[in-house]
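Visitor: Following this line is protein.txt, made up of compact mmCIF, C-alpha atoms and all ligand atoms:
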# COMPACT_ATOMS: atom_id res chain seq x y z
CA MET L 1 -63.83 31.36 6.03
CA THR L 2 -60.48 31.63 7.75
CA VAL L 3 -59.41 28.94 10.19
CA ILE L 4 -56.31 28.36 12.32
CA HIS L 5 -54.35 25.28 11.24
CA PRO L 6 -54.38 22.82 14.17
CA GLU L 7 -50.69 21.92 13.91
CA THR L 8 -48.91 24.97 12.55
CA GLY L 9 -51.18 27.60 14.07
CA ALA L 10 -51.10 29.34 10.67
CA LEU L 11 -54.10 30.88 9.01
CA THR L 12 -55.28 28.35 6.49
CA ALA L 13 -57.94 27.77 3.88
CA ALA L 14 -56.89 24.64 2.00
CA LEU L 15 -56.88 26.27 -1.45
CA ASP L 16 -56.54 30.03 -1.69
CA CYS L 17 -56.10 32.57 -4.45
CA PHE L 18 -54.98 36.19 -4.44
CA PHE L 19 -53.77 38.79 -6.91
CA ILE L 20 -50.43 40.56 -6.78
CA ARG L 21 -49.42 43.56 -8.84
CA PRO L 22 -45.97 44.92 -9.75
CA GLY L 23 -44.17 46.14 -6.64
CA GLU L 24 -46.17 43.95 -4.26
CA ASP L 25 -44.35 41.20 -2.40
CA GLU L 26 -45.76 37.72 -2.92
CA ARG L 27 -43.89 36.35 0.13
CA ALA L 28 -45.96 38.47 2.50
CA ARG L 29 -49.00 36.47 1.38
CA THR L 30 -47.50 32.99 1.06
CA ALA L 31 -45.75 32.69 4.45
CA GLY L 32 -46.28 29.18 5.82
CA ARG L 33 -48.09 28.13 2.66
CA HIS L 34 -47.18 26.43 -0.61
CA VAL L 35 -47.68 27.83 -4.11
CA LEU L 36 -49.74 25.58 -6.42
CA GLY L 37 -49.44 27.87 -9.43
CA ARG L 38 -49.03 31.40 -10.73
CA ILE L 39 -50.90 32.89 -13.67
CA THR L 40 -49.62 36.22 -14.90
CA TYR L 41 -52.13 38.22 -16.90
CA GLY L 42 -49.49 40.42 -18.48
CA HIS L 43 -48.11 41.91 -21.66
CA GLY L 44 -46.44 38.88 -23.19
CA GLY L 45 -47.51 35.30 -23.37
CA ARG L 46 -45.60 32.05 -23.63
CA ALA L 47 -46.07 28.35 -23.03
CA PRO L 48 -46.45 27.50 -19.34
CA LEU L 49 -43.39 26.23 -17.52
CA LEU L 50 -42.32 25.15 -14.04
CA HIS L 51 -40.81 27.94 -11.97
CA ASP L 52 -40.02 27.97 -8.26
CA GLY L 53 -41.69 24.56 -7.80
CA ALA L 54 -45.00 25.35 -9.50
CA PRO L 55 -46.57 26.07 -12.90
CA LEU L 56 -46.05 29.60 -14.19
CA VAL L 57 -48.56 30.59 -16.85
CA ARG L 58 -48.10 33.83 -18.75
CA ILE L 59 -51.01 35.08 -20.80
CA ALA L 60 -51.16 38.23 -22.94
CA MET L 61 -54.09 40.02 -21.30
CA ALA L 62 -52.72 43.50 -20.52
CA GLY L 63 -52.50 46.07 -23.30
CA ALA L 64 -49.90 48.82 -23.49
CA GLY L 65 -50.31 51.02 -20.43
CA ALA L 66 -52.26 48.42 -18.46
CA GLU L 67 -50.76 46.86 -15.34
CA ARG L 68 -50.05 43.16 -15.19
CA VAL L 69 -51.63 41.12 -12.40
CA THR L 70 -50.53 37.71 -11.16
CA GLU L 71 -53.07 35.27 -9.76
CA VAL L 72 -51.33 33.13 -7.12
CA TRP L 73 -52.88 29.86 -5.96
CA THR L 74 -51.69 28.59 -2.59
CA THR L 75 -52.40 25.63 -0.34
CA ASP L 76 -51.57 24.66 3.23
CA ARG L 77 -50.13 21.34 2.01
CA PRO L 78 -46.76 20.61 0.43
CA VAL L 79 -46.81 20.70 -3.37
CA ARG L 80 -45.26 18.38 -5.94
CA CYS L 81 -44.93 19.64 -9.51
CA GLY L 82 -44.28 17.93 -12.81
CA ARG L 83 -44.72 17.78 -16.56
CA ASP L 84 -46.72 15.45 -18.76
CA GLY L 85 -46.08 16.13 -22.43
CA ASP L 86 -47.01 19.78 -22.98
CA LEU L 87 -48.92 19.97 -19.69
CA VAL L 88 -47.33 21.39 -16.56
CA TYR L 89 -48.97 20.71 -13.22
CA ALA L 90 -48.75 20.84 -9.45
CA GLU L 91 -50.62 18.79 -6.86
CA ASP L 92 -51.04 18.95 -3.09
CA GLY L 93 -52.76 15.60 -2.44
CA GLU L 94 -56.19 17.26 -2.60
CA HIS L 95 -56.02 19.64 -5.58
CA LEU L 96 -54.38 19.64 -9.01
CA LEU L 97 -53.59 22.70 -11.11
CA CYS L 98 -52.52 22.06 -14.70
CA ALA L 99 -51.83 24.34 -17.65
CA VAL L 100 -51.09 24.12 -21.35
CA ARG L 101 -50.90 26.43 -24.34
CA ILE L 102 -52.07 25.74 -27.89
CA GLU L 103 -50.02 27.75 -30.36
CA GLU L 104 -51.74 29.56 -33.22
CA ARG L 105 -53.10 27.23 -35.88
CA GLY L 106 -55.53 27.30 -38.79
CA VAL L 107 -58.15 25.13 -37.11
CA TYR L 108 -58.21 24.47 -33.37
CA ARG L 109 -60.82 21.77 -32.70
CA ASP L 110 -58.71 18.59 -32.98
CA THR L 111 -55.91 20.09 -30.90
CA VAL L 112 -58.35 21.41 -28.30
CA ARG L 113 -59.91 17.97 -28.04
CA ALA L 114 -56.50 16.29 -27.71
CA VAL L 115 -55.26 18.77 -25.10
CA TYR L 116 -58.46 18.52 -23.04
CA GLU L 117 -58.30 14.72 -23.20
CA ALA L 118 -54.63 14.81 -22.15
CA ALA L 119 -55.60 16.95 -19.14
CA PHE L 120 -58.46 14.57 -18.26
CA ALA L 121 -56.09 11.60 -18.52
CA LEU L 122 -53.56 13.32 -16.25
CA MET L 123 -56.29 14.08 -13.71
CA ALA L 124 -57.39 10.43 -13.77
CA ARG L 125 -53.85 9.09 -13.52
CA LEU L 126 -52.90 11.31 -10.58
CA GLY L 127 -56.19 10.69 -8.76
CA TYR L 128 -57.91 14.09 -9.15
CA PRO L 129 -60.84 13.02 -11.34
CA ASP L 130 -63.19 15.93 -10.57
CA LEU L 131 -62.63 19.03 -12.66
CA LEU L 132 -63.76 22.08 -10.72
CA ARG L 133 -62.70 25.12 -12.77
CA MET L 134 -61.30 25.80 -16.24
CA TRP L 135 -60.01 28.98 -17.86
CA ASN L 136 -59.92 29.22 -21.66
CA LEU L 137 -58.20 32.34 -23.03
CA VAL L 138 -58.69 32.43 -26.77
CA GLY L 139 -56.79 34.75 -29.11
CA SER L 140 -58.95 36.48 -31.73
CA ILE L 141 -61.96 34.82 -30.08
CA THR L 142 -64.57 36.20 -32.46
CA GLY L 143 -62.26 36.20 -35.48
CA PRO L 144 -62.37 33.53 -38.20
CA ASN L 145 -60.16 30.45 -38.38
CA GLU L 146 -58.68 29.23 -41.66
CA GLU L 147 -62.07 27.68 -42.64
CA GLY L 148 -64.00 30.87 -41.88
CA THR L 149 -65.46 29.47 -38.64
CA GLU L 150 -65.26 31.70 -35.57
CA ASN L 151 -62.34 30.68 -33.34
CA TYR L 152 -64.60 30.42 -30.29
CA ARG L 153 -67.03 28.08 -32.09
CA ASP L 154 -64.08 26.06 -33.40
CA PHE L 155 -62.74 25.82 -29.82
CA CYS L 156 -66.16 24.79 -28.45
CA VAL L 157 -66.34 21.84 -30.89
CA GLY L 158 -63.07 20.35 -29.68
CA ARG L 159 -63.91 20.91 -26.01
CA ALA L 160 -67.37 19.34 -26.43
CA GLN L 161 -65.86 16.30 -28.18
CA ALA L 162 -63.45 15.80 -25.28
CA PHE L 163 -66.29 15.94 -22.73
CA GLU L 164 -68.35 13.54 -24.88
CA ALA L 165 -65.46 11.09 -25.08
CA TRP L 166 -65.10 11.20 -21.28
CA ALA L 167 -68.82 11.35 -20.44
CA GLY L 168 -68.80 8.14 -18.40
CA ARG L 169 -65.61 9.01 -16.55
CA MET L 170 -66.17 12.70 -15.65
CA ALA L 171 -68.49 14.02 -12.97
CA GLY L 172 -69.99 16.70 -15.24
CA MET L 173 -68.81 20.02 -16.60
CA PRO L 174 -67.42 22.62 -14.20
CA ALA L 175 -67.39 26.40 -13.99
CA ALA L 176 -65.35 28.09 -16.70
CA THR L 177 -64.17 31.25 -18.31
CA GLY L 178 -64.10 31.56 -22.10
CA ILE L 179 -62.69 34.96 -23.06
CA GLY L 180 -60.47 36.75 -25.55
CA SER L 181 -56.74 37.32 -25.15
CA LEU L 182 -54.34 39.66 -26.91
CA ARG L 183 -52.24 37.07 -28.72
CA PRO L 184 -53.12 34.29 -31.20
CA GLY L 185 -53.36 30.78 -29.74
CA ILE L 186 -55.28 29.40 -26.76
CA ASP L 187 -54.07 29.36 -23.15
CA LEU L 188 -55.76 26.86 -20.84
CA TYR L 189 -55.51 26.13 -17.15
CA PHE L 190 -57.55 23.84 -14.95
CA LEU L 191 -58.20 23.07 -11.30
CA ALA L 192 -59.26 19.55 -10.29
CA CYS L 193 -59.72 17.77 -6.98
CA ARG L 194 -60.08 14.41 -5.29
CA THR L 195 -63.43 12.79 -5.91
CA GLY L 196 -66.72 13.85 -4.34
CA ARG L 197 -66.23 17.53 -3.41
CA ALA L 198 -67.26 19.42 -6.57
CA ARG L 199 -70.92 20.24 -7.25
CA HIS L 200 -71.97 22.10 -10.38
CA LEU L 201 -74.71 24.74 -10.48
CA GLU L 202 -76.84 26.34 -13.18
CA ASN L 203 -78.40 29.82 -13.18
CA PRO L 204 -82.22 30.13 -12.99
CA ARG L 205 -82.02 33.20 -15.29
CA GLN L 206 -79.93 31.49 -17.98
CA THR L 207 -80.17 28.47 -20.27
CA PRO L 208 -77.43 25.99 -19.34
CA ALA L 209 -74.63 26.78 -21.80
CA HIS L 210 -74.35 23.12 -22.78
CA ARG L 211 -77.98 23.40 -24.02
CA TYR L 212 -77.61 26.57 -26.09
CA PRO L 213 -79.31 26.13 -29.50
CA VAL L 214 -77.16 25.60 -32.63
CA GLN L 215 -77.46 29.25 -33.70
CA TYR L 216 -74.51 29.88 -31.33
CA GLY L 217 -72.32 27.20 -32.85
CA PRO L 218 -72.25 23.56 -33.97
CA LYS L 219 -71.39 22.38 -30.45
CA PRO L 220 -72.54 24.27 -27.36
CA PRO L 221 -70.07 25.56 -24.77
CA SER L 222 -69.24 22.85 -22.22
CA PHE L 223 -69.41 24.47 -18.79
CA ALA L 224 -71.58 25.02 -15.71
CA ARG L 225 -72.45 28.46 -14.33
CA ALA L 226 -70.67 27.77 -11.03
CA THR L 227 -68.95 24.99 -9.10
CA LEU L 228 -69.16 24.59 -5.33
CA LEU L 229 -66.11 23.03 -3.74
CA GLU L 230 -67.18 21.44 -0.49
CA ALA L 231 -65.08 21.91 2.61
CA ALA L 232 -61.87 19.90 2.97
CA GLY L 233 -60.30 19.72 6.41
CA CYS L 234 -60.52 23.12 8.02
CA SER L 235 -61.61 25.24 5.05
CA GLY L 236 -65.19 26.36 4.34
CA PRO L 237 -67.09 25.76 1.09
CA VAL L 238 -66.01 27.89 -1.87
CA LEU L 239 -68.09 28.79 -4.90
CA TYR L 240 -66.28 29.30 -8.21
CA VAL L 241 -68.39 31.58 -10.41
CA SER L 242 -67.99 31.22 -14.18
CA GLY L 243 -67.46 34.14 -16.47
CA THR L 244 -70.92 35.72 -16.54
CA ALA L 245 -72.30 38.13 -19.13
CA SER L 246 -75.47 39.97 -20.11
CA ILE L 247 -77.30 36.84 -21.24
CA ILE L 248 -80.88 36.02 -20.26
CA GLY L 249 -82.06 32.58 -21.34
CA ASP L 250 -79.68 32.20 -24.26
CA ASP L 251 -80.12 35.76 -25.62
CA SER L 252 -77.56 38.55 -25.33
CA VAL L 253 -79.55 41.46 -23.92
CA TYR L 254 -79.00 45.24 -24.17
CA PRO L 255 -76.53 45.31 -27.10
CA GLY L 256 -74.65 48.59 -27.04
CA ASP L 257 -75.79 49.57 -23.52
CA ILE L 258 -72.90 49.17 -21.07
CA ASP L 259 -74.87 50.30 -18.01
CA ALA L 260 -77.64 47.79 -18.65
CA GLN L 261 -75.16 44.99 -19.46
CA CYS L 262 -73.34 45.61 -16.16
CA ALA L 263 -76.66 45.54 -14.27
CA VAL L 264 -77.81 42.28 -15.93
CA THR L 265 -74.42 40.62 -15.44
CA LEU L 266 -74.35 41.49 -11.73
CA ALA L 267 -77.99 40.42 -11.31
CA ASN L 268 -77.14 37.11 -13.02
CA ILE L 269 -74.31 36.50 -10.54
CA GLU L 270 -76.49 37.56 -7.61
CA ALA L 271 -79.18 35.01 -8.58
CA LEU L 272 -76.58 32.30 -9.20
CA ILE L 273 -74.88 32.57 -5.81
CA ALA L 274 -78.04 33.22 -3.74
CA PRO L 275 -79.17 30.76 -1.03
CA GLU L 276 -82.34 30.09 -3.09
CA ASN L 277 -80.27 28.81 -6.00
CA LEU L 278 -78.02 26.63 -3.86
CA GLY L 279 -81.18 25.29 -2.21
CA ARG L 280 -82.64 24.53 -5.66
CA HIS L 281 -79.56 22.37 -6.24
CA GLY L 282 -79.97 20.62 -2.87
CA MET L 283 -77.12 22.56 -1.23
CA ALA L 284 -77.06 24.54 1.98
CA GLY L 285 -75.58 28.02 2.28
CA GLY L 286 -75.36 30.81 -0.21
CA PHE L 287 -73.56 34.05 -0.95
CA ARG L 288 -74.05 37.72 -1.72
CA LEU L 289 -72.22 39.92 -4.23
CA ARG L 290 -70.03 41.30 -1.44
CA ASP L 291 -68.68 37.78 -0.83
CA LEU L 292 -67.05 37.74 -4.29
CA ASP L 293 -63.27 37.87 -4.29
CA CYS L 294 -60.55 37.42 -6.91
CA VAL L 295 -62.89 39.08 -9.35
CA LYS L 296 -61.80 39.34 -12.97
CA VAL L 297 -63.72 41.74 -15.18
CA TYR L 298 -63.32 41.62 -18.95
CA VAL L 299 -64.35 44.73 -20.87
CA ARG L 300 -64.50 44.85 -24.68
CA ASP L 301 -64.15 48.63 -25.17
CA ALA L 302 -61.48 50.51 -23.23
CA GLY L 303 -63.77 53.53 -23.15
CA HIS L 304 -66.21 51.57 -20.96
CA LEU L 305 -63.63 50.82 -18.23
CA PRO L 306 -64.53 53.78 -15.95
CA THR L 307 -68.24 52.92 -16.14
CA VAL L 308 -67.64 49.23 -15.44
CA ARG L 309 -65.30 50.06 -12.53
CA ALA L 310 -68.00 52.23 -11.00
CA HIS L 311 -70.67 49.50 -11.32
CA CYS L 312 -68.33 46.91 -9.78
CA ALA L 313 -67.23 49.15 -6.91
CA LYS L 314 -70.86 49.88 -6.04
CA ALA L 315 -72.07 46.28 -6.23
CA LEU L 316 -69.00 44.38 -5.00
CA GLY L 317 -67.33 46.90 -2.69
CA ALA L 318 -64.31 49.04 -3.52
CA ASP L 319 -61.98 46.97 -1.33
CA ARG L 320 -62.37 43.69 -3.22
CA GLY L 321 -59.52 42.16 -5.20
CA ILE L 322 -60.68 43.13 -8.69
CA ALA L 323 -58.68 42.99 -11.91
CA PHE L 324 -59.88 44.57 -15.16
CA PHE L 325 -58.88 43.47 -18.66
CA ASN L 326 -59.61 45.10 -22.00
CA VAL L 327 -60.19 42.05 -24.22
CA ASP L 328 -62.83 40.67 -26.56
CA VAL L 329 -65.81 38.71 -25.23
CA CYS L 330 -67.06 35.56 -26.99
CA ARG L 331 -70.10 37.18 -28.64
CA PRO L 332 -69.53 40.43 -30.53
CA GLU L 333 -72.45 42.19 -28.83
CA LEU L 334 -71.33 41.35 -25.28
CA LEU L 335 -69.47 44.26 -23.72
CA VAL L 336 -68.55 42.85 -20.31
CA GLU L 337 -67.98 39.52 -18.53
CA ILE L 338 -67.35 39.01 -14.79
CA GLU L 339 -66.06 36.00 -12.80
CA GLY L 340 -65.05 35.51 -9.18
CA ILE L 341 -64.84 33.28 -6.13
CA CYS L 342 -67.28 33.37 -3.20
CA ARG L 343 -66.07 32.36 0.23
C1 LIG B 401 -71.88 32.77 -21.81
O1 LIG B 401 -72.50 32.79 -20.76
C2 LIG B 401 -70.78 33.80 -21.92
O2 LIG B 401 -67.00 28.90 -23.19
O3 LIG B 401 -66.00 28.45 -21.30
C3 LIG B 401 -68.74 32.43 -20.17
C4 LIG B 401 -68.03 31.50 -19.40
C5 LIG B 401 -68.79 32.28 -21.54
C6 LIG B 401 -67.38 30.43 -20.00
C7 LIG B 401 -66.77 29.14 -22.00
C8 LIG B 401 -68.13 31.21 -22.13
C9 LIG B 401 -67.44 30.29 -21.38
O4 LIG B 401 -72.14 32.00 -22.73
C10 LIG B 401 -69.50 33.27 -22.39
Just give me the structure as C-alpha cells.
Ligand code: 3EB
Guide:
Amino acid sequence: MTVIHPETGALTAALDCFFIRPGEDERARTAGRHVLGRITYGHGGRAPLLHDGAPLVRIAMAGAGAERVTEVWTTDRPVRCGRDGDLVYAEDGEHLLCAVRIEERGVYRDTVRAVYEAAFALMARLGYPDLLRMWNLVGSITGPNEEGTENYRDFCVGRAQAFEAWAGRMAGMPAATGIGSLRPGIDLYFLACRTGRARHLENPRQTPAHRYPVQYGPKPPSFARATLLEAAGCSGPVLYVSGTASIIGDDSVYPGDIDAQCAVTLANIEALIAPENLGRHGMAGGFRLRDLDCVKVYVRDAGHLPTVRAHCAKALGADRGIAFFNVDVCRPELLVEIEGICR
C-alpha cells in the first residue's frame, strides 16, 4: 500500500525494499527517504561495514557472467547507524537492520550461537526485541565441516541453541532464508522491530521447520514460514515470505524434476499467503502470488534458469522485481527456492 506522508507529502511506506542493478541510480528511488541498509548480492564478499550512514553487506552470490543486484532498505524516518563488536546496524526508531559475517571455520555451531546471541542482545538493548526476518547465506551449504557434518546442519545447531537460550525473551522464530553462497563462511543479516507488530505464520502444506524430524539434522531449522509485520503509522501490513522450496510435510518432493519443483514451490507460497491461511492464524487480509515483490529465486543448476524464469514470470508477473541466483540449496535434491515480500 502506498500512502502520502502527512507532513512531507512524500510517498511513504515506513519500511521499503527495492532492487537496483548496475547502471541504475539509487537516488531516484530514495528521494525524501532514508537508507536503512544495502545488501549487494555480487561477485565478491566481505565483512559488512558502515557506508554512507548505513550497513553495507556484500555477499558472493553472483557467478562469473551474472549481474550483481543490490537490495536497498529504506524508511521514511531518519536513521542512526552504529557498530557493536562485529555487528553493524542501523535503526529508525521503529526498525533495526543488523548484519555480521562469520569467516570460514572448521566447525560453525558455537560461533553461530554466539553471533545470533550477540544480535539478540543488541536488539534487546536498542529496544527492537521482535525479530521479523533473517537471512542466512551459507558457503558450501551441503558440504562437510571439519567433523564431517554438513555445514547447514552444523549452522542449524548453533542457531537453535541461540533461540533456546533466548526462549523466554524472544517472541518466537521469524521468517528466514537459509541458502548457499559462493564463498566459504556465513553471511547473516536481520530485521527487527519495536514490540508487538510481528506475527509468525506456518504453512498448512508443510511441517513447521522447527518440528522437522532428526533425519534432517540434530537440531531442526529455527524459522517460521512467513512473518506479518502489522501496519505502523501510514504503511499497510507487509508479509515477509521465507525461502520456500519443493517440500510437502517434511519431504522433498519431485527430485530431479524442475518443472514439478517450481509448481510445488509456487503452490506452497500461494497457500501460505492466502486469506484462508492468515484467517487460520487469526489474522485478517491475505495475498496472491501477484502481490509478491522483491522476489529472490535461488536455482541450483544454471541450466534450469530459463525454465525457472518462465515459471516465475507466468505465476508472479513479468514486471515484478525478481532476482535470480545460481547457488546451492540446503538439501541436495532441492533444485529451487523462492522468497519474497507481499504488500
Ligand atoms: C525448508 O523449507 C527449505 O534454515 O533458515 C528455507 C528457509 C530453508 C529458511 C533456514 C531453510 C531456511 O526447509 C530450506
Visitor: Considering only C-alpha atoms and all ligand atoms, state which residue in the set L:Ala171, L:Ala99, L:Ala176, L:Val241 is at the smallest distance from ligand LIG 401 (chain B).
Guide: L:Ala176
Visitor: Report as a list in words which protein, DNA and RNA residues come within 8 Å of ligand LIG 401 (chain B), using all atoms listed in the file.
Guide: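 Answer in the requested format: Met134, Trp135, Asn136, Tyr152, Cys156, Ala175, Ala176, Thr177, Gly178, Ile179, Ala209, Pro221, Ser222, Phe223, Arg225, Ser242, Gly243, Thr244, Ala245, Ser246, Ile247, Asp250, Val329, Cys330, Arg331 and Glu337 of chain L.
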Visitor: Can I get the residues of range 101-142 of chain L within 10 Å of range 197-202 of chain L, each with the closest pair of atoms and their distance in Å to one decimal, using all atoms listed in the file, sorted chain first then ascending number, as a tab-separated table?
Guide:
residue	atom	partner	partner_atom	distance
L:Asp130	CA	L:Ala198	CA	6.7
L:Leu131	CA	L:Ala198	CA	7.7
L:Leu132	CA	L:Ala198	CA	6.0
L:Arg133	CA	L:Ala198	CA	9.6
Visitor: Would you put the residues from that selection into a file with C-alpha atoms, as a PDB file, in the frame of the given file?
Guide:
ATOM      1  CA  ASP L 130     -63.190  15.930 -10.570  1.00  0.00           C
ATOM      2  CA  LEU L 131     -62.630  19.030 -12.660  1.00  0.00           C
ATOM      3  CA  LEU L 132     -63.760  22.080 -10.720  1.00  0.00           C
ATOM      4  CA  ARG L 133     -62.700  25.120 -12.770  1.00  0.00           C
TER       5      ARG L 133
END
Visitor: In Å to one decimal, how far is CA of Ala313 in chain L from CA of Arg183 in chain L?
Guide: 29.1 Å
Visitor: Point out the residue among L:Leu191, L:Ala284, L:Ile258, L:Met123 with the least atom-to-atom distance to Pro237 in chain L, counting only C-alpha atoms.
Guide: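 Smallest separation from Pro237 in chain L among the options: L:Ala284.
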Visitor: Show me the residues around (-63.0, 37.9, -15.5) - criterion: an atom at most 8 Å away, all atoms listed in the file counted - as a ChimeraX atom specification.
Guide: /L:177,243,295-298,323-325,337-340
Visitor: Thr307 in chain L: which residues within 12 Å, counting only C-alpha atoms, same-chain residues fewer than 6 positions away excluded, as a count of residues only?
Guide: 14
Visitor: Rounded to one decimal place, report the CA of Thr227 in chain L-CA of Arg288 in chain L distance in Å.
Guide: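 That distance, rounded to one decimal, is 15.6 Å.
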Visitor: Using CA of Tyr212 in chain L and CA of Pro184 in chain L as the two end points, give the distance in Å to one decimal.
Guide: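 Computing it gives 26.2 Å between the two atoms.
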Visitor: Any chance you could tabulate, as CSV, the residues of range 120-227 of chain L at most 6 Å from range 102-106 of chain L with each one's nearest atom pair and distance in Å to one decimal, using all atoms listed in the file, in chain and rising number order?
Guide:
residue,atom,partner,partner_atom,distance
L:Asn145,CA,L:Gly106,CA,5.6
L:Glu146,CA,L:Gly106,CA,4.7
L:Pro184,CA,L:Glu104,CA,5.3
L:Gly185,CA,L:Glu104,CA,4.0
L:Ile186,CA,L:Ile102,CA,5.0
Visitor: Just the residues within 7 Å of Gln206 in chain L, please, counting only C-alpha atoms, with nothing from its chain fewer than 2 positions along; format it as a list in words.
Guide: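 Listed by chain and then number, they are Asn203, Pro204, Pro208, Ile247, Ile248, Gly249 and Asp250 of chain L.
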Visitor: Quick one: of L:Gly53, L:Gly93, L:Gly45, L:Gly172, who's nearest to Gly139 in chain L, counting all atoms listed in the file?
Guide: L:Gly45
Visitor: Could you give me, as a ChimeraX atom specification, the residues within 8 Å of Trp73 in chain L, counting all atoms listed in the file and dropping anything in the same chain fewer than 2 positions from it?
Guide: /L:15-18,35-38,71,75
Visitor: Go through L:Glu333, L:Glu67, L:Asp328, L:Asp25 and flag the residue nearest Ser181 in chain L, using only C-alpha atoms for the distances.
Guide: L:Asp328
Visitor: Restore N, CA and C atoms in range 326-339 of chain L and list the result as a PDB file, in the frame of the given file.
Guide:
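Final output, result.pdb:
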ATOM      1  N   ASN L 326     -58.963  44.594 -20.791  1.00  0.00           N
ATOM      2  CA  ASN L 326     -59.610  45.100 -22.000  1.00  0.00           C
ATOM      3  C   ASN L 326     -59.376  44.088 -23.121  1.00  0.00           C
ATOM      4  N   VAL L 327     -60.302  43.140 -23.230  1.00  0.00           N
ATOM      5  CA  VAL L 327     -60.190  42.050 -24.220  1.00  0.00           C
ATOM      6  C   VAL L 327     -61.570  41.786 -24.825  1.00  0.00           C
ATOM      7  N   ASP L 328     -61.564  41.032 -25.915  1.00  0.00           N
ATOM      8  CA  ASP L 328     -62.830  40.670 -26.560  1.00  0.00           C
ATOM      9  C   ASP L 328     -63.589  39.642 -25.737  1.00  0.00           C
ATOM     10  N   VAL L 329     -64.921  39.676 -25.863  1.00  0.00           N
ATOM     11  CA  VAL L 329     -65.810  38.710 -25.230  1.00  0.00           C
ATOM     12  C   VAL L 329     -66.310  37.788 -26.344  1.00  0.00           C
ATOM     13  N   CYS L 330     -66.828  36.598 -25.978  1.00  0.00           N
ATOM     14  CA  CYS L 330     -67.060  35.560 -26.990  1.00  0.00           C
ATOM     15  C   CYS L 330     -68.257  35.784 -27.925  1.00  0.00           C
ATOM     16  N   ARG L 331     -69.092  36.796 -27.645  1.00  0.00           N
ATOM     17  CA  ARG L 331     -70.100  37.180 -28.640  1.00  0.00           C
ATOM     18  C   ARG L 331     -69.859  38.659 -28.918  1.00  0.00           C
ATOM     19  N   PRO L 332     -69.892  39.049 -30.192  1.00  0.00           N
ATOM     20  CA  PRO L 332     -69.530  40.430 -30.530  1.00  0.00           C
ATOM     21  C   PRO L 332     -70.355  41.493 -29.797  1.00  0.00           C
ATOM     22  N   GLU L 333     -71.591  41.185 -29.459  1.00  0.00           N
ATOM     23  CA  GLU L 333     -72.450  42.190 -28.830  1.00  0.00           C
ATOM     24  C   GLU L 333     -72.275  42.263 -27.310  1.00  0.00           C
ATOM     25  N   LEU L 334     -71.542  41.316 -26.737  1.00  0.00           N
ATOM     26  CA  LEU L 334     -71.330  41.350 -25.280  1.00  0.00           C
ATOM     27  C   LEU L 334     -70.185  42.296 -24.949  1.00  0.00           C
ATOM     28  N   LEU L 335     -70.435  43.215 -24.041  1.00  0.00           N
ATOM     29  CA  LEU L 335     -69.470  44.260 -23.720  1.00  0.00           C
ATOM     30  C   LEU L 335     -68.682  43.978 -22.450  1.00  0.00           C
ATOM     31  N   VAL L 336     -69.188  43.068 -21.607  1.00  0.00           N
ATOM     32  CA  VAL L 336     -68.550  42.850 -20.310  1.00  0.00           C
ATOM     33  C   VAL L 336     -68.802  41.411 -19.862  1.00  0.00           C
ATOM     34  N   GLU L 337     -67.826  40.851 -19.141  1.00  0.00           N
ATOM     35  CA  GLU L 337     -67.980  39.520 -18.530  1.00  0.00           C
ATOM     36  C   GLU L 337     -67.269  39.555 -17.170  1.00  0.00           C
ATOM     37  N   ILE L 338     -67.887  38.949 -16.159  1.00  0.00           N
ATOM     38  CA  ILE L 338     -67.350  39.010 -14.790  1.00  0.00           C
ATOM     39  C   ILE L 338     -67.314  37.605 -14.185  1.00  0.00           C
ATOM     40  N   GLU L 339     -66.203  37.269 -13.526  1.00  0.00           N
ATOM     41  CA  GLU L 339     -66.060  36.000 -12.800  1.00  0.00           C
ATOM     42  C   GLU L 339     -65.541  36.299 -11.400  1.00  0.00           C
TER      43      GLU L 339
END
